$ cat my_file.txt   # compact mmCIF, N, CA, C and O atoms
# COMPACT_ATOMS: atom_id res chain seq x y z
N MET A 1 118.87 74.86 88.64
CA MET A 1 118.06 73.86 89.30
C MET A 1 117.25 73.15 88.22
O MET A 1 116.64 73.80 87.36
N ASP A 2 117.25 71.84 88.22
CA ASP A 2 116.46 71.05 87.28
C ASP A 2 115.12 70.71 87.89
O ASP A 2 115.03 70.33 89.06
N ILE A 3 114.07 70.88 87.10
CA ILE A 3 112.71 70.55 87.53
C ILE A 3 112.11 69.62 86.49
O ILE A 3 112.24 69.86 85.29
N ARG A 4 111.45 68.61 86.94
CA ARG A 4 110.83 67.64 86.04
C ARG A 4 109.45 68.14 85.60
O ARG A 4 108.67 68.63 86.41
N VAL A 5 109.17 68.03 84.31
CA VAL A 5 107.86 68.36 83.77
C VAL A 5 107.20 67.04 83.38
O VAL A 5 107.74 66.28 82.58
N ALA A 6 106.04 66.77 83.97
CA ALA A 6 105.31 65.52 83.71
C ALA A 6 104.72 65.56 82.30
O ALA A 6 104.62 66.62 81.67
N GLY A 7 104.30 64.42 81.83
CA GLY A 7 103.72 64.30 80.50
C GLY A 7 102.49 65.19 80.31
O GLY A 7 102.21 65.62 79.20
N ASN A 8 101.77 65.46 81.38
CA ASN A 8 100.58 66.31 81.27
C ASN A 8 100.92 67.80 81.45
O ASN A 8 100.03 68.64 81.50
N GLY A 9 102.21 68.13 81.56
CA GLY A 9 102.63 69.52 81.66
C GLY A 9 102.81 70.04 83.08
O GLY A 9 103.27 71.16 83.28
N ARG A 10 102.46 69.24 84.06
CA ARG A 10 102.59 69.71 85.44
C ARG A 10 104.03 69.64 85.91
O ARG A 10 104.79 68.78 85.50
N MET A 11 104.37 70.59 86.77
CA MET A 11 105.69 70.58 87.40
C MET A 11 105.52 71.08 88.83
O MET A 11 104.54 71.74 89.15
N ILE A 12 106.47 70.79 89.64
CA ILE A 12 106.43 71.20 91.04
C ILE A 12 107.56 72.18 91.28
O ILE A 12 108.72 71.90 90.98
N LEU A 13 107.18 73.36 91.81
CA LEU A 13 108.21 74.32 92.19
C LEU A 13 108.71 73.94 93.57
O LEU A 13 107.91 73.83 94.51
N PRO A 14 110.00 73.76 93.73
CA PRO A 14 110.54 73.42 95.04
C PRO A 14 110.20 74.49 96.08
O PRO A 14 110.01 75.67 95.76
N ALA A 15 110.11 74.07 97.32
CA ALA A 15 109.77 74.96 98.43
C ALA A 15 110.71 76.17 98.48
O ALA A 15 110.27 77.29 98.74
N SER A 16 111.99 75.96 98.20
CA SER A 16 112.94 77.07 98.26
C SER A 16 112.61 78.14 97.20
O SER A 16 112.76 79.34 97.46
N VAL A 17 112.13 77.71 96.04
CA VAL A 17 111.76 78.65 94.98
C VAL A 17 110.49 79.40 95.38
O VAL A 17 110.40 80.62 95.24
N ARG A 18 109.49 78.66 95.89
CA ARG A 18 108.25 79.31 96.32
C ARG A 18 108.52 80.32 97.41
O ARG A 18 107.97 81.43 97.41
N LYS A 19 109.40 79.97 98.34
CA LYS A 19 109.73 80.89 99.43
C LYS A 19 110.42 82.13 98.89
O LYS A 19 110.09 83.25 99.28
N ALA A 20 111.37 81.95 97.98
CA ALA A 20 112.09 83.08 97.40
C ALA A 20 111.16 84.01 96.62
O ALA A 20 111.37 85.22 96.58
N MET A 21 110.08 83.44 96.02
CA MET A 21 109.12 84.23 95.26
C MET A 21 108.03 84.82 96.14
O MET A 21 107.21 85.60 95.68
N GLY A 22 108.00 84.41 97.42
CA GLY A 22 106.98 84.91 98.33
C GLY A 22 105.63 84.25 98.12
O GLY A 22 104.60 84.84 98.42
N LEU A 23 105.62 83.04 97.59
CA LEU A 23 104.38 82.31 97.35
C LEU A 23 104.04 81.45 98.55
O LEU A 23 104.89 80.72 99.05
N HIS A 24 102.78 81.54 98.99
CA HIS A 24 102.34 80.75 100.13
C HIS A 24 100.99 80.13 99.80
O HIS A 24 100.10 80.82 99.30
N GLY A 25 100.83 78.84 100.06
CA GLY A 25 99.56 78.17 99.77
C GLY A 25 99.24 78.26 98.29
O GLY A 25 100.12 78.27 97.44
N ASP A 26 97.95 78.33 97.97
CA ASP A 26 97.54 78.53 96.57
C ASP A 26 97.93 79.94 96.16
O ASP A 26 97.65 80.90 96.88
N ALA A 27 98.57 80.07 95.02
CA ALA A 27 99.00 81.38 94.56
C ALA A 27 98.93 81.44 93.05
O ALA A 27 98.98 80.41 92.38
N LYS A 28 98.79 82.63 92.54
CA LYS A 28 98.81 82.84 91.10
C LYS A 28 100.13 83.48 90.72
O LYS A 28 100.68 84.28 91.47
N VAL A 29 100.62 83.11 89.54
CA VAL A 29 101.84 83.70 89.02
C VAL A 29 101.59 84.14 87.58
O VAL A 29 100.65 83.68 86.93
N ILE A 30 102.40 85.04 87.11
CA ILE A 30 102.38 85.47 85.71
C ILE A 30 103.47 84.68 85.00
O ILE A 30 104.61 84.66 85.44
N LEU A 31 103.11 84.03 83.89
CA LEU A 31 104.07 83.28 83.11
C LEU A 31 104.35 84.07 81.84
O LEU A 31 103.44 84.43 81.11
N THR A 32 105.62 84.38 81.62
CA THR A 32 106.03 85.13 80.44
C THR A 32 107.00 84.28 79.64
O THR A 32 107.92 83.68 80.21
N ILE A 33 106.78 84.21 78.33
CA ILE A 33 107.68 83.46 77.45
C ILE A 33 108.42 84.47 76.58
O ILE A 33 107.80 85.29 75.91
N GLU A 34 109.73 84.43 76.62
CA GLU A 34 110.57 85.28 75.79
C GLU A 34 111.60 84.40 75.11
O GLU A 34 112.39 83.74 75.78
N ASP A 35 111.55 84.41 73.78
CA ASP A 35 112.41 83.52 72.99
C ASP A 35 112.20 82.09 73.46
O ASP A 35 111.11 81.57 73.36
N ASP A 36 113.22 81.47 74.01
CA ASP A 36 113.08 80.08 74.47
C ASP A 36 113.13 79.98 76.00
O ASP A 36 113.43 78.94 76.55
N GLN A 37 112.80 81.09 76.68
CA GLN A 37 112.84 81.11 78.14
C GLN A 37 111.47 81.40 78.73
O GLN A 37 110.68 82.13 78.15
N VAL A 38 111.23 80.81 79.89
CA VAL A 38 109.99 81.02 80.62
C VAL A 38 110.33 81.74 81.92
O VAL A 38 111.27 81.37 82.61
N ARG A 39 109.52 82.79 82.23
CA ARG A 39 109.73 83.52 83.47
C ARG A 39 108.44 83.46 84.28
O ARG A 39 107.36 83.70 83.76
N LEU A 40 108.56 83.14 85.57
CA LEU A 40 107.43 83.15 86.49
C LEU A 40 107.59 84.32 87.44
O LEU A 40 108.66 84.50 88.02
N SER A 41 106.54 85.09 87.60
CA SER A 41 106.57 86.23 88.52
C SER A 41 105.31 86.17 89.38
O SER A 41 104.22 85.94 88.86
N PRO A 42 105.45 86.42 90.67
CA PRO A 42 104.25 86.49 91.51
C PRO A 42 103.33 87.58 90.98
O PRO A 42 103.79 88.64 90.56
N ILE A 43 102.05 87.33 90.96
CA ILE A 43 101.10 88.28 90.37
C ILE A 43 101.15 89.63 91.09
O ILE A 43 100.99 90.67 90.46
N GLY A 44 101.42 89.65 92.35
CA GLY A 44 101.53 90.90 93.10
C GLY A 44 102.65 91.78 92.60
O GLY A 44 102.55 93.00 92.63
N HIS A 45 103.73 91.17 92.11
CA HIS A 45 104.85 91.96 91.60
C HIS A 45 104.43 92.71 90.34
O HIS A 45 104.83 93.86 90.14
N GLY A 46 103.63 92.08 89.48
CA GLY A 46 103.15 92.74 88.28
C GLY A 46 102.27 93.93 88.61
O GLY A 46 102.37 94.99 88.00
N VAL A 47 101.41 93.75 89.60
CA VAL A 47 100.53 94.85 90.03
C VAL A 47 101.38 95.99 90.59
O VAL A 47 101.16 97.15 90.26
N SER A 48 102.35 95.65 91.41
CA SER A 48 103.22 96.69 92.00
C SER A 48 103.98 97.44 90.92
O SER A 48 104.11 98.66 90.98
N ARG A 49 104.48 96.71 89.91
CA ARG A 49 105.21 97.37 88.82
C ARG A 49 104.29 98.29 88.03
O ARG A 49 104.67 99.40 87.66
N ALA A 50 103.06 97.85 87.76
CA ALA A 50 102.11 98.67 87.01
C ALA A 50 101.78 99.94 87.79
O ALA A 50 101.71 101.04 87.22
N GLN A 51 101.58 99.80 89.09
CA GLN A 51 101.29 100.97 89.92
C GLN A 51 102.47 101.94 89.92
O GLN A 51 102.29 103.16 89.84
N ALA A 52 103.68 101.42 90.00
CA ALA A 52 104.87 102.27 90.00
C ALA A 52 105.00 103.01 88.66
O ALA A 52 105.32 104.20 88.64
N LEU A 53 104.74 102.31 87.55
CA LEU A 53 104.80 102.95 86.24
C LEU A 53 103.76 104.06 86.13
O LEU A 53 104.02 105.13 85.59
N TYR A 54 102.57 103.79 86.64
CA TYR A 54 101.52 104.80 86.60
C TYR A 54 101.95 106.05 87.38
O TYR A 54 101.84 107.17 86.89
N ARG A 55 102.46 105.82 88.60
CA ARG A 55 102.88 106.97 89.41
C ARG A 55 104.00 107.75 88.72
O ARG A 55 104.04 108.98 88.78
N GLU A 56 104.87 107.04 88.04
CA GLU A 56 106.00 107.69 87.36
C GLU A 56 105.53 108.53 86.18
O GLU A 56 106.06 109.60 85.92
N HIS A 57 104.51 108.07 85.47
CA HIS A 57 104.11 108.74 84.23
C HIS A 57 102.82 109.55 84.33
O HIS A 57 102.48 110.27 83.39
N ALA A 58 102.11 109.44 85.42
CA ALA A 58 100.87 110.20 85.57
C ALA A 58 101.19 111.69 85.60
O ALA A 58 102.08 112.13 86.33
N LYS A 59 100.47 112.44 84.83
CA LYS A 59 100.74 113.88 84.73
C LYS A 59 100.04 114.66 85.84
O LYS A 59 100.44 115.74 86.18
N GLN A 60 98.98 114.11 86.39
CA GLN A 60 98.28 114.79 87.47
C GLN A 60 97.70 113.74 88.42
O GLN A 60 97.43 112.62 88.02
N ALA A 61 97.55 114.12 89.65
CA ALA A 61 96.99 113.20 90.63
C ALA A 61 95.51 113.02 90.34
O ALA A 61 94.77 113.98 90.19
N ARG A 62 95.08 111.76 90.21
CA ARG A 62 93.67 111.46 89.94
C ARG A 62 93.25 110.30 90.83
O ARG A 62 94.01 109.39 91.07
N THR A 63 92.03 110.37 91.25
CA THR A 63 91.48 109.29 92.07
C THR A 63 90.70 108.35 91.19
O THR A 63 90.39 108.66 90.02
N THR A 64 90.36 107.21 91.73
CA THR A 64 89.51 106.26 91.02
C THR A 64 88.16 106.90 90.72
O THR A 64 87.60 106.71 89.64
N LYS A 65 87.66 107.70 91.64
CA LYS A 65 86.39 108.39 91.45
C LYS A 65 86.47 109.33 90.24
O LYS A 65 85.53 109.38 89.42
N ASP A 66 87.58 110.04 90.08
CA ASP A 66 87.78 110.91 88.92
C ASP A 66 87.74 110.10 87.63
O ASP A 66 87.09 110.49 86.65
N PHE A 67 88.46 108.99 87.62
CA PHE A 67 88.54 108.13 86.44
C PHE A 67 87.16 107.62 86.05
O PHE A 67 86.75 107.72 84.89
N LEU A 68 86.40 107.11 87.03
CA LEU A 68 85.08 106.56 86.75
C LEU A 68 84.13 107.66 86.27
O LEU A 68 83.31 107.43 85.37
N SER A 69 84.23 108.82 86.84
CA SER A 69 83.40 109.95 86.42
C SER A 69 83.67 110.29 84.95
O SER A 69 82.74 110.52 84.17
N ASP A 70 84.94 110.33 84.56
CA ASP A 70 85.30 110.61 83.17
C ASP A 70 84.75 109.54 82.23
O ASP A 70 84.24 109.85 81.16
N ARG A 71 84.87 108.28 82.63
CA ARG A 71 84.38 107.19 81.77
C ARG A 71 82.86 107.26 81.61
O ARG A 71 82.33 107.02 80.53
N LYS A 72 82.14 107.61 82.69
CA LYS A 72 80.68 107.74 82.61
C LYS A 72 80.30 108.87 81.67
O LYS A 72 79.37 108.75 80.86
N ALA A 73 81.02 109.98 81.73
CA ALA A 73 80.75 111.12 80.85
C ALA A 73 81.01 110.73 79.39
O ALA A 73 80.23 111.07 78.49
N GLU A 74 82.09 109.99 79.14
CA GLU A 74 82.40 109.54 77.78
C GLU A 74 81.31 108.60 77.27
O GLU A 74 80.89 108.68 76.12
N ALA A 75 80.87 107.68 78.13
CA ALA A 75 79.82 106.73 77.74
C ALA A 75 78.53 107.47 77.42
O ALA A 75 77.85 107.17 76.44
N ALA A 76 78.17 108.46 78.23
CA ALA A 76 76.96 109.24 78.00
C ALA A 76 77.07 109.99 76.67
O ALA A 76 76.11 110.05 75.90
N ALA A 77 78.25 110.55 76.40
CA ALA A 77 78.46 111.26 75.14
C ALA A 77 78.34 110.30 73.96
O ALA A 77 77.73 110.62 72.94
N ASP A 78 78.92 109.10 74.10
CA ASP A 78 78.83 108.09 73.03
C ASP A 78 77.38 107.70 72.79
O ASP A 78 76.95 107.56 71.65
N LEU A 79 76.61 107.52 73.86
CA LEU A 79 75.20 107.16 73.71
C LEU A 79 74.43 108.30 73.05
O LEU A 79 73.54 108.06 72.24
N GLY A 80 74.76 109.52 73.39
CA GLY A 80 74.12 110.68 72.76
C GLY A 80 74.40 110.73 71.27
O GLY A 80 73.52 111.00 70.47
N GLU A 81 75.65 110.44 70.88
CA GLU A 81 76.01 110.42 69.46
C GLU A 81 75.27 109.30 68.74
O GLU A 81 74.78 109.48 67.64
N ALA A 82 75.19 108.13 69.37
CA ALA A 82 74.51 106.99 68.76
C ALA A 82 73.03 107.31 68.58
O ALA A 82 72.44 106.98 67.56
N ALA A 83 72.43 107.98 69.55
CA ALA A 83 71.01 108.33 69.45
C ALA A 83 70.79 109.33 68.32
O ALA A 83 69.84 109.22 67.56
N SER A 84 71.70 110.30 68.17
CA SER A 84 71.53 111.27 67.09
C SER A 84 71.79 110.62 65.74
O SER A 84 71.16 110.98 64.75
N ASP A 85 72.70 109.65 65.66
CA ASP A 85 72.94 108.91 64.42
C ASP A 85 71.69 108.14 64.02
O ASP A 85 71.33 108.10 62.85
N ASP A 86 71.00 107.52 64.98
CA ASP A 86 69.78 106.77 64.70
C ASP A 86 68.71 107.71 64.17
O ASP A 86 67.97 107.37 63.24
N GLY A 87 68.61 108.90 64.71
CA GLY A 87 67.64 109.89 64.27
C GLY A 87 67.91 110.31 62.84
O GLY A 87 67.01 110.51 62.04
N ASP A 88 69.19 110.45 62.48
CA ASP A 88 69.57 110.83 61.13
C ASP A 88 69.17 109.75 60.14
O ASP A 88 68.70 110.02 59.05
N ARG A 89 69.32 108.48 60.51
CA ARG A 89 68.97 107.37 59.64
C ARG A 89 67.47 107.31 59.42
O ARG A 89 66.99 107.01 58.35
N ASP A 90 66.71 107.59 60.48
CA ASP A 90 65.25 107.54 60.37
C ASP A 90 64.74 108.61 59.43
O ASP A 90 63.74 108.44 58.76
N ALA A 91 65.43 109.74 59.38
CA ALA A 91 64.99 110.84 58.54
C ALA A 91 65.18 110.54 57.06
O ALA A 91 64.56 111.12 56.21
N GLN A 92 66.09 109.61 56.77
CA GLN A 92 66.42 109.31 55.36
C GLN A 92 65.41 108.43 54.74
O GLN A 92 64.73 107.69 54.83

$ encode --input "my_file.txt" --output "structure tokens"
Amino acid sequence: MDIRVAGNGRMILPASVRKAMGLHGDAKVILTIEDDQVRLSPIGHGVSRAQALYREHAKQARTTKDFLSDRKAEAAADLGEAASDDGDRDAQ
């Protein structure tokens, strides 16, 4: 299918393409450039693929609450290290 690209870079995806991609109304897509080719993917497909990859490679079941708790503990540890580093500098 040939699509015209205007001088300002705009192009129109035909209704049949939007329908095949599951795009309705205003929608976001992921644009990927590989070599001399451009690929458009609905943003939801990227999210679904990422979730599937996570489920495939996750070693243990974890919730968002678990993840956030771990990050808070790491941040607190980092702040503790930074505070002790500052104390060491003051002593010098």

$ atom_distance --input "my_file.txt" --atom1 "atom N of Gln51 of chain A" --atom2 "atom O of Met21 of chain A"
16.6 Å

$ atom_distance --input "my_file.txt" --atom1 "atom O of Gly7 of chain A" --atom2 "atom N of Leu40 of chain A"
19.7 Å

$ axis_aligned_box --input "my_file.txt" --around "segment 1-5 of chain A" --padding-each-side "5 Å" --output "JSON"
{"center_x": 113.0, "center_y": 70.6, "center_z": 85.9, "size_x": 21.7, "size_y": 18.6, "size_z": 16.7}

$ atom_distance --input "my_file.txt" --atom1 "atom O of Asn8 of chain A" --atom2 "atom O of Gly46 of chain A"
27.2 Å

$ select_by_dssp --input "my_file.txt" --residues "chain A" --states "strand (DSSP E)" --output "JSON, numbers by chain"
{"A": [29, 30, 31, 32, 33, 34, 37, 38, 39, 40, 41, 42]}

$ select_by_dssp --input "my_file.txt" --residues "segment 19-78 of chain A" --states "helix (DSSP H, G or I)" --output "count of residues only"
33

$ closest_residue --input "my_file.txt" --among "A:Val17, A:Glu56, A:Asp70, A:Arg62" --to "Pro42 of chain A" --atoms "only C-alpha atoms"
A:Val17

$ residues_around --input "my_file.txt" --residues "Ser41 of chain A" --least-positions-apart "2" --cutoff "7 Å" --atoms "only C-alpha atoms" --output "tab-separated table (two decimals) with N, CA, C and O atoms, in the frame of the given file"
chain	number	residue	atom	x	y	z
A	29	VAL	N	100.62	83.11	89.54
A	29	VAL	CA	101.84	83.70	89.02
A	29	VAL	C	101.59	84.14	87.58
A	29	VAL	O	100.65	83.68	86.93
A	30	ILE	N	102.40	85.04	87.11
A	30	ILE	CA	102.38	85.47	85.71
A	30	ILE	C	103.47	84.68	85.00
A	30	ILE	O	104.61	84.66	85.44
A	31	LEU	N	103.11	84.03	83.89
A	31	LEU	CA	104.07	83.28	83.11
A	31	LEU	C	104.35	84.07	81.84
A	31	LEU	O	103.44	84.43	81.11
A	39	ARG	N	109.52	82.79	82.23
A	39	ARG	CA	109.73	83.52	83.47
A	39	ARG	C	108.44	83.46	84.28
A	39	ARG	O	107.36	83.70	83.76
A	43	ILE	N	102.05	87.33	90.96
A	43	ILE	CA	101.10	88.28	90.37
A	43	ILE	C	101.15	89.63	91.09
A	43	ILE	O	100.99	90.67	90.46
A	45	HIS	N	103.73	91.17	92.11
A	45	HIS	CA	104.85	91.96	91.60
A	45	HIS	C	104.43	92.71	90.34
A	45	HIS	O	104.83	93.86	90.14

$ build_atoms --input "my_file.txt" --residues "segment 20-31 of chain A" --atoms "all heavy atoms" --output "PDB file, in the coordinates of the input"
ATOM      1  N   ALA A  20     111.370  81.950  97.980  1.00  0.00           N
ATOM      2  CA  ALA A  20     112.090  83.080  97.400  1.00  0.00           C
ATOM      3  C   ALA A  20     111.160  84.010  96.620  1.00  0.00           C
ATOM      4  O   ALA A  20     111.370  85.220  96.580  1.00  0.00           O
ATOM      5  CB  ALA A  20     113.211  82.577  96.480  1.00  0.00           C
ATOM      6  N   MET A  21     110.080  83.440  96.020  1.00  0.00           N
ATOM      7  CA  MET A  21     109.120  84.230  95.260  1.00  0.00           C
ATOM      8  C   MET A  21     108.030  84.820  96.140  1.00  0.00           C
ATOM      9  O   MET A  21     107.210  85.600  95.680  1.00  0.00           O
ATOM     10  CB  MET A  21     108.483  83.368  94.167  1.00  0.00           C
ATOM     11  CG  MET A  21     109.449  82.943  93.080  1.00  0.00           C
ATOM     12  SD  MET A  21     108.671  81.852  91.864  1.00  0.00           S
ATOM     13  CE  MET A  21     107.533  82.982  91.069  1.00  0.00           C
ATOM     14  N   GLY A  22     108.000  84.410  97.420  1.00  0.00           N
ATOM     15  CA  GLY A  22     106.980  84.910  98.330  1.00  0.00           C
ATOM     16  C   GLY A  22     105.630  84.250  98.120  1.00  0.00           C
ATOM     17  O   GLY A  22     104.600  84.840  98.420  1.00  0.00           O
ATOM     18  N   LEU A  23     105.620  83.040  97.590  1.00  0.00           N
ATOM     19  CA  LEU A  23     104.380  82.310  97.350  1.00  0.00           C
ATOM     20  C   LEU A  23     104.040  81.450  98.550  1.00  0.00           C
ATOM     21  O   LEU A  23     104.890  80.720  99.050  1.00  0.00           O
ATOM     22  CB  LEU A  23     104.511  81.426  96.101  1.00  0.00           C
ATOM     23  CG  LEU A  23     104.867  82.139  94.801  1.00  0.00           C
ATOM     24  CD1 LEU A  23     105.084  81.132  93.690  1.00  0.00           C
ATOM     25  CD2 LEU A  23     103.796  83.144  94.425  1.00  0.00           C
ATOM     26  N   HIS A  24     102.780  81.540  98.990  1.00  0.00           N
ATOM     27  CA  HIS A  24     102.340  80.750 100.130  1.00  0.00           C
ATOM     28  C   HIS A  24     100.990  80.130  99.800  1.00  0.00           C
ATOM     29  O   HIS A  24     100.100  80.820  99.300  1.00  0.00           O
ATOM     30  CB  HIS A  24     102.187  81.629 101.379  1.00  0.00           C
ATOM     31  CG  HIS A  24     103.422  82.420 101.694  1.00  0.00           C
ATOM     32  ND1 HIS A  24     104.534  81.853 102.276  1.00  0.00           N
ATOM     33  CD2 HIS A  24     103.737  83.719 101.467  1.00  0.00           C
ATOM     34  CE1 HIS A  24     105.463  82.779 102.416  1.00  0.00           C
ATOM     35  NE2 HIS A  24     105.008  83.921 101.921  1.00  0.00           N
ATOM     36  N   GLY A  25     100.830  78.840 100.060  1.00  0.00           N
ATOM     37  CA  GLY A  25      99.560  78.170  99.770  1.00  0.00           C
ATOM     38  C   GLY A  25      99.240  78.260  98.290  1.00  0.00           C
ATOM     39  O   GLY A  25     100.120  78.270  97.440  1.00  0.00           O
ATOM     40  N   ASP A  26      97.950  78.330  97.970  1.00  0.00           N
ATOM     41  CA  ASP A  26      97.540  78.530  96.570  1.00  0.00           C
ATOM     42  C   ASP A  26      97.930  79.940  96.160  1.00  0.00           C
ATOM     43  O   ASP A  26      97.650  80.900  96.880  1.00  0.00           O
ATOM     44  CB  ASP A  26      96.037  78.354  96.409  1.00  0.00           C
ATOM     45  CG  ASP A  26      95.602  76.896  96.507  1.00  0.00           C
ATOM     46  OD1 ASP A  26      96.474  76.009  96.422  1.00  0.00           O
ATOM     47  OD2 ASP A  26      94.396  76.657  96.649  1.00  0.00           O
ATOM     48  N   ALA A  27      98.570  80.070  95.020  1.00  0.00           N
ATOM     49  CA  ALA A  27      99.000  81.380  94.560  1.00  0.00           C
ATOM     50  C   ALA A  27      98.930  81.440  93.050  1.00  0.00           C
ATOM     51  O   ALA A  27      98.980  80.410  92.380  1.00  0.00           O
ATOM     52  CB  ALA A  27     100.435  81.646  95.029  1.00  0.00           C
ATOM     53  N   LYS A  28      98.790  82.630  92.540  1.00  0.00           N
ATOM     54  CA  LYS A  28      98.810  82.840  91.100  1.00  0.00           C
ATOM     55  C   LYS A  28     100.130  83.480  90.720  1.00  0.00           C
ATOM     56  O   LYS A  28     100.680  84.280  91.470  1.00  0.00           O
ATOM     57  CB  LYS A  28      97.670  83.752  90.662  1.00  0.00           C
ATOM     58  CG  LYS A  28      96.318  83.091  90.714  1.00  0.00           C
ATOM     59  CD  LYS A  28      95.285  83.987  90.071  1.00  0.00           C
ATOM     60  CE  LYS A  28      93.956  83.259  90.010  1.00  0.00           C
ATOM     61  NZ  LYS A  28      92.973  84.045  89.251  1.00  0.00           N
ATOM     62  N   VAL A  29     100.620  83.110  89.540  1.00  0.00           N
ATOM     63  CA  VAL A  29     101.840  83.700  89.020  1.00  0.00           C
ATOM     64  C   VAL A  29     101.590  84.140  87.580  1.00  0.00           C
ATOM     65  O   VAL A  29     100.650  83.680  86.930  1.00  0.00           O
ATOM     66  CB  VAL A  29     103.033  82.716  89.050  1.00  0.00           C
ATOM     67  CG1 VAL A  29     103.403  82.350  90.468  1.00  0.00           C
ATOM     68  CG2 VAL A  29     102.744  81.474  88.241  1.00  0.00           C
ATOM     69  N   ILE A  30     102.400  85.040  87.110  1.00  0.00           N
ATOM     70  CA  ILE A  30     102.380  85.470  85.710  1.00  0.00           C
ATOM     71  C   ILE A  30     103.470  84.680  85.000  1.00  0.00           C
ATOM     72  O   ILE A  30     104.610  84.660  85.440  1.00  0.00           O
ATOM     73  CB  ILE A  30     102.647  86.976  85.582  1.00  0.00           C
ATOM     74  CG1 ILE A  30     101.551  87.767  86.287  1.00  0.00           C
ATOM     75  CG2 ILE A  30     102.750  87.381  84.112  1.00  0.00           C
ATOM     76  CD1 ILE A  30     101.861  89.246  86.418  1.00  0.00           C
ATOM     77  N   LEU A  31     103.110  84.030  83.890  1.00  0.00           N
ATOM     78  CA  LEU A  31     104.070  83.280  83.110  1.00  0.00           C
ATOM     79  C   LEU A  31     104.350  84.070  81.840  1.00  0.00           C
ATOM     80  O   LEU A  31     103.440  84.430  81.110  1.00  0.00           O
ATOM     81  CB  LEU A  31     103.488  81.905  82.742  1.00  0.00           C
ATOM     82  CG  LEU A  31     104.460  80.980  82.030  1.00  0.00           C
ATOM     83  CD1 LEU A  31     104.294  79.569  82.546  1.00  0.00           C
ATOM     84  CD2 LEU A  31     104.246  81.030  80.540  1.00  0.00           C
TER      85      LEU A  31
END
